[in-house]
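Engineer: Dumping the structure here so I can ask a few things about it.
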Amino acid sequence: MSGNDQSPPRWAETLLECLLCAAVRDAVVGDLHEEYVEAMAPRRGRLRADLWYIRQVMSFVPSFLKELGPMGKVLVGSSLFTMACACWLAFMEMILRHAGYGTRIGLALCIAIICALTILVRMLHAGASIERWLWICAAALIGIGAEAFFRNARSPHFEGFVFVISLVLVLQGLLMLMTLGRRGAFASGPKGHDEVFCPHSGA
Amino acid sequence: MADLLGTFEQSVLLSILSLGEGAYGRAILNRVQGSLQRNVTAGAVYSTLERLEASSLVRSRLAAGTAVRGGRARRYYTVMAAGQRALSETRRALTAIWQNAQLPVEEKR
């Protein structure tokens, strides 16, 4: 067994790093890595040690969500909802295969990626450069949603699901415009991004 | 009198005190698990430490990491005077509460 085999799952460690702020990241990740390597993996075996590690990572999610603040929670929640809608739309287009379905699948997947990026920007505390791109994406979402809304309203066959999805897109875009780029918008306090499980930022 | 400490907070503070110089995250987590005799998650321990540090009951300092941690720093915790006072007050209050209690049921198994 190579030394690498005695390490926690890389994805779980990366997720843990995302949930913690810089001030405590090293200490917490190091503590759990040490416990995994020295105690859990030799005593319980690889699989159970991995499950233990994942459980520990998940235990940081509540404090992470708590520190998101009300606007952050709404943004992450709406992004997840819009992402699910976009994936569902792409799936339905793939089954129904109406004329021009390829374009619509591409569009739906783009929307899903924008929503995933929005969530990741919040979780990874990405810099202003990505936020600026998401502002453009937010404007595009509003444009697409508004266009779909008015086209549907003028159409002789009004479709309820197009109405709902167009509204969701406009609201998602507006929410992104309102929250992204505003440093204090995510957190309940004035310090913004660095509030995520960071005892020493507030001290 | 300040708010009384909860069971978990008492357990964390007492673990730090008993560990002395070696009170860092992993050791505290294991000691708390041992004293409460149940599985405790790291998130619960670290958020308690965060709360205690924000209330100035404990303080922390960073120290160099070891190879097994991939060189990541350790954060060592110390109970401050306010923390020791809070523990004493909690113990006194709990003792007073239990002193004249007549329990109808001692322990059901």
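The way I read the labels, and the way they are meant: chains A, B, ... in the order of the structure tokens, residue 1 as the first residue of every chain, and ligand 1 as the first ligand shown, with later ones counted on from there.
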Taking only C-alpha atoms into account and nothing else, which residues of chain B lie no more than 10 Å away from chain A? Please answer as a VMD selection string.
Structural biologist: chain B and resid 24 to 27 29 to 30 40 to 47 49 to 56 60 62 to 76
Engineer: Run DSSP on the backbone of this structure and report the residues of chain B it assigns to alpha helix (DSSP H), as a short mmCIF file (atom, residue, chain, number, x, y, z; two decimals) with all heavy atoms, in the first residue's frame.
Structural biologist:
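The resulting states18.cif:
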data_model
loop_
_atom_site.label_atom_id
_atom_site.label_comp_id
_atom_site.auth_asym_id
_atom_site.auth_seq_id
_atom_site.Cartn_x
_atom_site.Cartn_y
_atom_site.Cartn_z
N THR B 7 -23.29 21.43 28.89
CA THR B 7 -22.51 20.21 29.13
C THR B 7 -21.33 20.11 28.17
O THR B 7 -20.21 19.78 28.56
CB THR B 7 -23.41 18.97 28.94
OG1 THR B 7 -24.62 19.19 29.65
CG2 THR B 7 -22.75 17.72 29.41
N PHE B 8 -21.61 20.40 26.89
CA PHE B 8 -20.57 20.26 25.88
C PHE B 8 -19.45 21.28 26.11
O PHE B 8 -18.26 20.95 26.00
CB PHE B 8 -21.18 20.44 24.48
CG PHE B 8 -20.38 19.81 23.39
CD1 PHE B 8 -20.46 18.45 23.15
CD2 PHE B 8 -19.52 20.57 22.62
CE1 PHE B 8 -19.69 17.86 22.16
CE2 PHE B 8 -18.75 19.99 21.63
CZ PHE B 8 -18.85 18.64 21.39
N GLU B 9 -19.85 22.50 26.45
CA GLU B 9 -18.85 23.54 26.71
C GLU B 9 -17.99 23.17 27.92
O GLU B 9 -16.78 23.34 27.90
CB GLU B 9 -19.55 24.88 26.95
CG GLU B 9 -20.14 25.48 25.70
CD GLU B 9 -21.04 26.66 25.98
OE1 GLU B 9 -21.73 26.65 27.01
OE2 GLU B 9 -21.05 27.59 25.17
N GLN B 10 -18.65 22.65 28.96
CA GLN B 10 -17.88 22.21 30.13
C GLN B 10 -16.89 21.12 29.75
O GLN B 10 -15.73 21.14 30.17
CB GLN B 10 -18.84 21.66 31.20
CG GLN B 10 -19.71 22.71 31.87
CD GLN B 10 -20.68 22.05 32.84
OE1 GLN B 10 -20.26 21.38 33.77
NE2 GLN B 10 -21.96 22.22 32.59
N SER B 11 -17.38 20.19 28.94
CA SER B 11 -16.52 19.08 28.55
C SER B 11 -15.31 19.57 27.75
O SER B 11 -14.18 19.10 27.97
CB SER B 11 -17.35 18.09 27.72
OG SER B 11 -16.55 17.08 27.25
N VAL B 12 -15.54 20.52 26.85
CA VAL B 12 -14.43 21.06 26.05
C VAL B 12 -13.43 21.79 26.94
O VAL B 12 -12.21 21.58 26.85
CB VAL B 12 -14.97 21.99 24.93
CG1 VAL B 12 -13.84 22.76 24.26
CG2 VAL B 12 -15.73 21.18 23.88
N LEU B 13 -13.95 22.64 27.84
CA LEU B 13 -13.06 23.41 28.73
C LEU B 13 -12.26 22.47 29.64
O LEU B 13 -11.05 22.65 29.82
CB LEU B 13 -13.88 24.38 29.57
CG LEU B 13 -14.34 25.66 28.86
CD1 LEU B 13 -15.28 26.45 29.74
CD2 LEU B 13 -13.16 26.53 28.46
N LEU B 14 -12.93 21.47 30.19
CA LEU B 14 -12.23 20.53 31.08
C LEU B 14 -11.21 19.70 30.32
O LEU B 14 -10.14 19.38 30.86
CB LEU B 14 -13.25 19.62 31.79
CG LEU B 14 -14.13 20.33 32.83
CD1 LEU B 14 -15.26 19.43 33.29
CD2 LEU B 14 -13.30 20.78 34.03
N SER B 15 -11.50 19.39 29.07
CA SER B 15 -10.53 18.65 28.24
C SER B 15 -9.28 19.49 28.01
O SER B 15 -8.16 18.98 28.09
CB SER B 15 -11.15 18.28 26.89
OG SER B 15 -12.24 17.44 27.08
N ILE B 16 -9.50 20.77 27.72
CA ILE B 16 -8.34 21.66 27.49
C ILE B 16 -7.49 21.73 28.77
O ILE B 16 -6.27 21.64 28.72
CB ILE B 16 -8.80 23.08 27.07
CG1 ILE B 16 -9.55 23.01 25.73
CG2 ILE B 16 -7.62 24.03 26.94
CD1 ILE B 16 -10.23 24.31 25.33
N LEU B 17 -8.18 21.87 29.90
CA LEU B 17 -7.46 21.97 31.17
C LEU B 17 -6.66 20.69 31.45
O LEU B 17 -5.50 20.74 31.86
CB LEU B 17 -8.44 22.22 32.32
CG LEU B 17 -8.94 23.67 32.47
CD1 LEU B 17 -10.02 23.74 33.54
CD2 LEU B 17 -7.79 24.61 32.83
N SER B 18 -7.30 19.53 31.21
CA SER B 18 -6.61 18.27 31.54
C SER B 18 -5.48 17.97 30.56
O SER B 18 -4.51 17.32 30.91
CB SER B 18 -7.61 17.11 31.57
OG SER B 18 -8.13 16.91 30.30
N LEU B 19 -5.62 18.45 29.32
CA LEU B 19 -4.55 18.20 28.34
C LEU B 19 -3.35 19.12 28.55
O LEU B 19 -2.24 18.81 28.08
CB LEU B 19 -5.09 18.37 26.92
CG LEU B 19 -5.99 17.24 26.41
CD1 LEU B 19 -6.79 17.70 25.19
CD2 LEU B 19 -5.17 16.01 26.05
N GLY B 25 -6.60 20.78 18.60
CA GLY B 25 -7.89 20.30 18.11
C GLY B 25 -8.13 18.81 18.19
O GLY B 25 -9.13 18.36 18.76
N ARG B 26 -7.21 18.02 17.64
CA ARG B 26 -7.41 16.56 17.59
C ARG B 26 -7.46 15.97 18.99
O ARG B 26 -8.31 15.11 19.29
CB ARG B 26 -6.28 15.93 16.78
CG ARG B 26 -6.40 14.44 16.67
CD ARG B 26 -5.12 13.81 16.18
NE ARG B 26 -5.18 12.37 16.28
CZ ARG B 26 -4.13 11.58 16.24
NH1 ARG B 26 -2.92 12.09 16.10
NH2 ARG B 26 -4.26 10.28 16.36
N ALA B 27 -6.54 16.41 19.85
CA ALA B 27 -6.48 15.87 21.22
C ALA B 27 -7.76 16.23 21.98
O ALA B 27 -8.30 15.41 22.73
CB ALA B 27 -5.25 16.42 21.94
N ILE B 28 -8.24 17.46 21.77
CA ILE B 28 -9.47 17.89 22.46
C ILE B 28 -10.65 17.05 21.98
O ILE B 28 -11.46 16.57 22.77
CB ILE B 28 -9.74 19.40 22.21
CG1 ILE B 28 -8.60 20.24 22.79
CG2 ILE B 28 -11.07 19.83 22.81
CD1 ILE B 28 -8.62 21.69 22.36
N LEU B 29 -10.72 16.84 20.66
CA LEU B 29 -11.81 16.03 20.08
C LEU B 29 -11.83 14.63 20.71
O LEU B 29 -12.89 14.15 21.14
CB LEU B 29 -11.61 15.93 18.56
CG LEU B 29 -12.54 15.01 17.77
CD1 LEU B 29 -13.97 15.53 17.81
CD2 LEU B 29 -12.09 14.88 16.33
N ASN B 30 -10.68 14.00 20.80
CA ASN B 30 -10.61 12.64 21.37
C ASN B 30 -10.95 12.64 22.86
O ASN B 30 -11.64 11.74 23.34
CB ASN B 30 -9.22 12.04 21.15
CG ASN B 30 -9.02 11.64 19.70
OD1 ASN B 30 -9.98 11.31 19.02
ND2 ASN B 30 -7.80 11.71 19.21
N ARG B 31 -10.48 13.67 23.59
CA ARG B 31 -10.73 13.73 25.03
C ARG B 31 -12.22 13.96 25.30
O ARG B 31 -12.79 13.36 26.20
CB ARG B 31 -9.88 14.85 25.65
CG ARG B 31 -9.90 14.94 27.16
CD ARG B 31 -9.41 13.66 27.83
NE ARG B 31 -8.00 13.39 27.59
CZ ARG B 31 -7.00 13.73 28.39
NH1 ARG B 31 -7.26 14.36 29.52
NH2 ARG B 31 -5.75 13.42 28.10
N VAL B 32 -12.84 14.83 24.50
CA VAL B 32 -14.28 15.10 24.67
C VAL B 32 -15.09 13.83 24.39
O VAL B 32 -16.02 13.49 25.12
CB VAL B 32 -14.74 16.26 23.74
CG1 VAL B 32 -16.25 16.40 23.72
CG2 VAL B 32 -14.11 17.57 24.19
N GLN B 33 -14.69 13.11 23.32
CA GLN B 33 -15.38 11.84 23.01
C GLN B 33 -15.27 10.85 24.16
O GLN B 33 -16.24 10.19 24.51
CB GLN B 33 -14.76 11.21 21.75
CG GLN B 33 -15.31 11.79 20.50
CD GLN B 33 -14.92 11.03 19.25
OE1 GLN B 33 -15.66 11.02 18.31
NE2 GLN B 33 -13.76 10.41 19.22
N GLY B 34 -14.07 10.80 24.76
CA GLY B 34 -13.85 9.90 25.88
C GLY B 34 -14.67 10.28 27.10
O GLY B 34 -15.26 9.42 27.75
N SER B 35 -14.74 11.58 27.38
CA SER B 35 -15.44 12.00 28.60
C SER B 35 -16.97 11.91 28.43
O SER B 35 -17.67 11.58 29.38
CB SER B 35 -15.03 13.42 29.01
OG SER B 35 -15.41 14.32 28.01
N LEU B 36 -17.47 12.18 27.25
CA LEU B 36 -18.92 12.10 27.03
C LEU B 36 -19.36 10.69 26.63
O LEU B 36 -20.55 10.39 26.61
CB LEU B 36 -19.36 13.09 25.95
CG LEU B 36 -19.21 14.58 26.29
CD1 LEU B 36 -19.62 15.45 25.10
CD2 LEU B 36 -20.03 14.96 27.51
N ALA B 42 -16.11 16.74 14.65
CA ALA B 42 -15.14 17.83 14.72
C ALA B 42 -15.84 19.18 14.60
O ALA B 42 -15.44 20.15 15.26
CB ALA B 42 -14.12 17.66 13.60
N GLY B 43 -16.88 19.23 13.77
CA GLY B 43 -17.60 20.50 13.59
C GLY B 43 -18.17 21.02 14.89
O GLY B 43 -18.11 22.22 15.18
N ALA B 44 -18.70 20.09 15.71
CA ALA B 44 -19.27 20.50 17.00
C ALA B 44 -18.19 21.03 17.93
O ALA B 44 -18.37 22.05 18.60
CB ALA B 44 -19.99 19.32 17.63
N VAL B 45 -17.05 20.35 17.95
CA VAL B 45 -15.96 20.77 18.84
C VAL B 45 -15.39 22.12 18.40
O VAL B 45 -15.21 23.04 19.22
CB VAL B 45 -14.84 19.69 18.88
CG1 VAL B 45 -13.61 20.21 19.60
CG2 VAL B 45 -15.35 18.44 19.56
N TYR B 46 -15.14 22.27 17.10
CA TYR B 46 -14.53 23.52 16.64
C TYR B 46 -15.49 24.70 16.76
O TYR B 46 -15.07 25.81 17.05
CB TYR B 46 -14.04 23.39 15.19
CG TYR B 46 -12.74 22.63 15.12
CD1 TYR B 46 -12.71 21.32 14.71
CD2 TYR B 46 -11.55 23.23 15.50
CE1 TYR B 46 -11.52 20.60 14.66
CE2 TYR B 46 -10.35 22.54 15.46
CZ TYR B 46 -10.35 21.22 15.04
OH TYR B 46 -9.18 20.52 15.00
N SER B 47 -16.79 24.46 16.54
CA SER B 47 -17.72 25.61 16.70
C SER B 47 -17.84 25.99 18.17
O SER B 47 -18.01 27.16 18.49
CB SER B 47 -19.08 25.34 16.05
OG SER B 47 -19.62 24.17 16.54
N THR B 48 -17.71 25.00 19.06
CA THR B 48 -17.71 25.33 20.50
C THR B 48 -16.45 26.11 20.86
O THR B 48 -16.51 27.11 21.59
CB THR B 48 -17.81 24.04 21.34
OG1 THR B 48 -18.96 23.32 20.94
CG2 THR B 48 -17.91 24.34 22.83
N LEU B 49 -15.32 25.67 20.33
CA LEU B 49 -14.07 26.38 20.59
C LEU B 49 -14.15 27.82 20.07
O LEU B 49 -13.68 28.76 20.71
CB LEU B 49 -12.89 25.65 19.92
CG LEU B 49 -12.44 24.36 20.60
CD1 LEU B 49 -11.49 23.58 19.70
CD2 LEU B 49 -11.77 24.65 21.94
N GLU B 50 -14.78 27.95 18.89
CA GLU B 50 -14.96 29.29 18.30
C GLU B 50 -15.77 30.19 19.23
O GLU B 50 -15.42 31.34 19.49
CB GLU B 50 -15.67 29.14 16.96
CG GLU B 50 -16.09 30.46 16.33
CD GLU B 50 -17.18 30.29 15.27
OE1 GLU B 50 -17.56 29.15 14.98
OE2 GLU B 50 -17.64 31.31 14.77
N ARG B 51 -16.87 29.60 19.76
CA ARG B 51 -17.76 30.36 20.64
C ARG B 51 -17.05 30.73 21.94
O ARG B 51 -17.14 31.86 22.42
CB ARG B 51 -19.00 29.51 20.93
CG ARG B 51 -20.24 30.28 21.25
CD ARG B 51 -21.50 29.44 21.24
NE ARG B 51 -21.42 28.19 21.96
CZ ARG B 51 -21.46 26.99 21.42
NH1 ARG B 51 -21.55 26.86 20.11
NH2 ARG B 51 -21.39 25.90 22.14
N LEU B 52 -16.30 29.77 22.48
CA LEU B 52 -15.58 30.03 23.74
C LEU B 52 -14.50 31.09 23.54
O LEU B 52 -14.26 31.92 24.41
CB LEU B 52 -14.96 28.73 24.27
CG LEU B 52 -15.95 27.65 24.71
CD1 LEU B 52 -15.21 26.35 25.03
CD2 LEU B 52 -16.75 28.10 25.93
N GLU B 53 -13.87 31.06 22.38
CA GLU B 53 -12.81 32.03 22.10
C GLU B 53 -13.41 33.43 21.89
O GLU B 53 -12.85 34.43 22.35
CB GLU B 53 -11.99 31.61 20.89
CG GLU B 53 -10.73 32.44 20.75
CD GLU B 53 -9.69 31.80 19.85
OE1 GLU B 53 -10.04 30.92 19.05
OE2 GLU B 53 -8.51 32.19 19.96
N ALA B 54 -14.58 33.45 21.24
CA ALA B 54 -15.26 34.75 21.05
C ALA B 54 -15.70 35.34 22.39
O ALA B 54 -15.76 36.56 22.54
CB ALA B 54 -16.46 34.56 20.13
N ALA B 81 -8.53 32.86 32.52
CA ALA B 81 -9.07 33.00 33.89
C ALA B 81 -10.59 33.07 33.87
O ALA B 81 -11.27 32.46 34.71
CB ALA B 81 -8.48 34.24 34.55
N ALA B 82 -11.14 33.78 32.89
CA ALA B 82 -12.60 33.89 32.77
C ALA B 82 -13.23 32.52 32.54
O ALA B 82 -14.33 32.23 33.03
CB ALA B 82 -12.96 34.84 31.64
N GLY B 83 -12.54 31.67 31.78
CA GLY B 83 -13.03 30.31 31.52
C GLY B 83 -13.05 29.47 32.78
O GLY B 83 -14.01 28.71 33.01
N GLN B 84 -12.00 29.62 33.58
CA GLN B 84 -11.95 28.86 34.85
C GLN B 84 -13.03 29.34 35.81
O GLN B 84 -13.65 28.53 36.51
CB GLN B 84 -10.56 29.01 35.46
CG GLN B 84 -9.49 28.39 34.58
CD GLN B 84 -8.11 28.40 35.21
OE1 GLN B 84 -7.97 28.51 36.41
NE2 GLN B 84 -7.09 28.29 34.38
N ARG B 85 -13.26 30.65 35.82
CA ARG B 85 -14.33 31.20 36.67
C ARG B 85 -15.69 30.66 36.22
O ARG B 85 -16.52 30.28 37.04
CB ARG B 85 -14.32 32.73 36.61
CG ARG B 85 -13.45 33.39 37.67
CD ARG B 85 -13.82 34.86 37.83
NE ARG B 85 -13.78 35.61 36.58
CZ ARG B 85 -12.67 36.15 36.06
NH1 ARG B 85 -11.51 36.02 36.68
NH2 ARG B 85 -12.70 36.82 34.92
N ALA B 86 -15.90 30.65 34.90
CA ALA B 86 -17.18 30.17 34.36
C ALA B 86 -17.41 28.71 34.75
O ALA B 86 -18.54 28.32 35.09
CB ALA B 86 -17.21 30.33 32.84
N LEU B 87 -16.35 27.91 34.69
CA LEU B 87 -16.46 26.49 35.08
C LEU B 87 -16.83 26.37 36.56
O LEU B 87 -17.73 25.59 36.92
CB LEU B 87 -15.13 25.77 34.83
CG LEU B 87 -14.91 25.16 33.45
CD1 LEU B 87 -13.49 24.64 33.33
CD2 LEU B 87 -15.90 24.05 33.15
N SER B 88 -16.16 27.15 37.41
CA SER B 88 -16.43 27.08 38.85
C SER B 88 -17.87 27.51 39.15
O SER B 88 -18.56 26.86 39.94
CB SER B 88 -15.47 28.00 39.60
OG SER B 88 -14.17 27.64 39.34
N GLU B 89 -18.29 28.59 38.51
CA GLU B 89 -19.67 29.08 38.73
C GLU B 89 -20.69 28.05 38.29
O GLU B 89 -21.70 27.82 38.97
CB GLU B 89 -19.89 30.39 37.98
CG GLU B 89 -19.33 31.61 38.69
CD GLU B 89 -19.51 32.89 37.88
OE1 GLU B 89 -20.35 32.90 36.96
OE2 GLU B 89 -18.78 33.85 38.17
N THR B 90 -20.44 27.43 37.17
CA THR B 90 -21.37 26.41 36.66
C THR B 90 -21.45 25.24 37.63
O THR B 90 -22.54 24.75 37.96
CB THR B 90 -20.93 25.91 35.27
OG1 THR B 90 -20.81 27.04 34.41
CG2 THR B 90 -21.91 24.93 34.67
N ARG B 91 -20.29 24.82 38.11
CA ARG B 91 -20.26 23.69 39.05
C ARG B 91 -21.01 24.05 40.33
O ARG B 91 -21.81 23.24 40.84
CB ARG B 91 -18.81 23.33 39.36
CG ARG B 91 -18.71 22.09 40.20
CD ARG B 91 -17.30 21.76 40.51
NE ARG B 91 -17.21 20.53 41.27
CZ ARG B 91 -16.09 19.99 41.66
NH1 ARG B 91 -14.94 20.54 41.35
NH2 ARG B 91 -16.10 18.89 42.35
N ARG B 92 -20.76 25.27 40.84
CA ARG B 92 -21.42 25.70 42.07
C ARG B 92 -22.94 25.73 41.88
O ARG B 92 -23.70 25.25 42.72
CB ARG B 92 -20.90 27.09 42.46
CG ARG B 92 -20.96 27.34 43.95
CD ARG B 92 -20.20 28.57 44.43
NE ARG B 92 -19.92 29.60 43.47
CZ ARG B 92 -18.68 29.92 43.06
NH1 ARG B 92 -17.63 29.26 43.52
NH2 ARG B 92 -18.49 30.88 42.21
N ALA B 93 -23.35 26.30 40.75
CA ALA B 93 -24.80 26.42 40.49
C ALA B 93 -25.45 25.05 40.36
O ALA B 93 -26.53 24.81 40.91
CB ALA B 93 -25.03 27.23 39.22
N LEU B 94 -24.77 24.14 39.65
CA LEU B 94 -25.34 22.79 39.47
C LEU B 94 -25.41 22.04 40.79
O LEU B 94 -26.39 21.36 41.07
CB LEU B 94 -24.51 22.00 38.45
CG LEU B 94 -24.66 22.44 36.99
CD1 LEU B 94 -23.73 21.65 36.10
CD2 LEU B 94 -26.11 22.25 36.51
N THR B 95 -24.39 22.20 41.61
CA THR B 95 -24.39 21.54 42.92
C THR B 95 -25.55 22.06 43.76
O THR B 95 -26.25 21.29 44.42
CB THR B 95 -23.05 21.81 43.65
OG1 THR B 95 -22.00 21.48 42.75
CG2 THR B 95 -22.90 20.98 44.91
N ALA B 96 -25.76 23.40 43.73
CA ALA B 96 -26.85 24.00 44.50
C ALA B 96 -28.21 23.50 44.01
O ALA B 96 -29.11 23.20 44.80
CB ALA B 96 -26.79 25.52 44.38
N ILE B 97 -28.33 23.38 42.70
CA ILE B 97 -29.60 22.92 42.12
C ILE B 97 -29.90 21.48 42.56
O ILE B 97 -31.02 21.13 42.90
CB ILE B 97 -29.56 23.00 40.57
CG1 ILE B 97 -29.56 24.45 40.12
CG2 ILE B 97 -30.74 22.25 39.94
CD1 ILE B 97 -29.21 24.63 38.65
N TRP B 98 -28.85 20.62 42.59
CA TRP B 98 -29.04 19.19 42.86
C TRP B 98 -29.08 18.86 44.36
O TRP B 98 -29.47 17.76 44.73
CB TRP B 98 -27.92 18.38 42.19
CG TRP B 98 -28.17 18.18 40.74
CD1 TRP B 98 -27.71 18.96 39.72
CD2 TRP B 98 -28.94 17.15 40.12
NE1 TRP B 98 -28.14 18.49 38.51
CE2 TRP B 98 -28.90 17.38 38.73
CE3 TRP B 98 -29.66 16.07 40.60
CZ2 TRP B 98 -29.55 16.56 37.82
CZ3 TRP B 98 -30.31 15.24 39.69
CH2 TRP B 98 -30.26 15.49 38.32
N GLN B 99 -28.66 19.84 45.20
CA GLN B 99 -28.43 19.55 46.61
C GLN B 99 -29.65 18.93 47.31
O GLN B 99 -29.53 17.91 47.97
CB GLN B 99 -28.02 20.82 47.34
CG GLN B 99 -27.17 20.55 48.55
CD GLN B 99 -26.41 21.79 48.98
OE1 GLN B 99 -26.88 22.91 48.77
NE2 GLN B 99 -25.25 21.60 49.58
#
Engineer: Find the distance between CA of Leu174 (chain A) and CA of Ser78 (chain A) and write it in Å to one decimal.
Structural biologist: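 Going from CA of Leu174 (chain A) over to CA of Ser78 (chain A) covers 11.1 Å.
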Engineer: Just to confirm, what's the straight-line distance from CA of Phe161 (chain A) to CA of Ala108 (chain A) in Å (one decimal)?
Structural biologist: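 These two atoms are separated by 14.1 Å.
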Engineer: Just checking: using only C-alpha atoms, which residue out of A:Val76, A:Leu51, A:Ile95, A:Cys87 ends up closest to Ile113 (chain A)?
Structural biologist: A:Cys87
Engineer: Could you tell me how far CA of Val170 (chain A) lies from CA of Ser155 (chain A), in Å and to one decimal?
Structural biologist: 19.2 Å
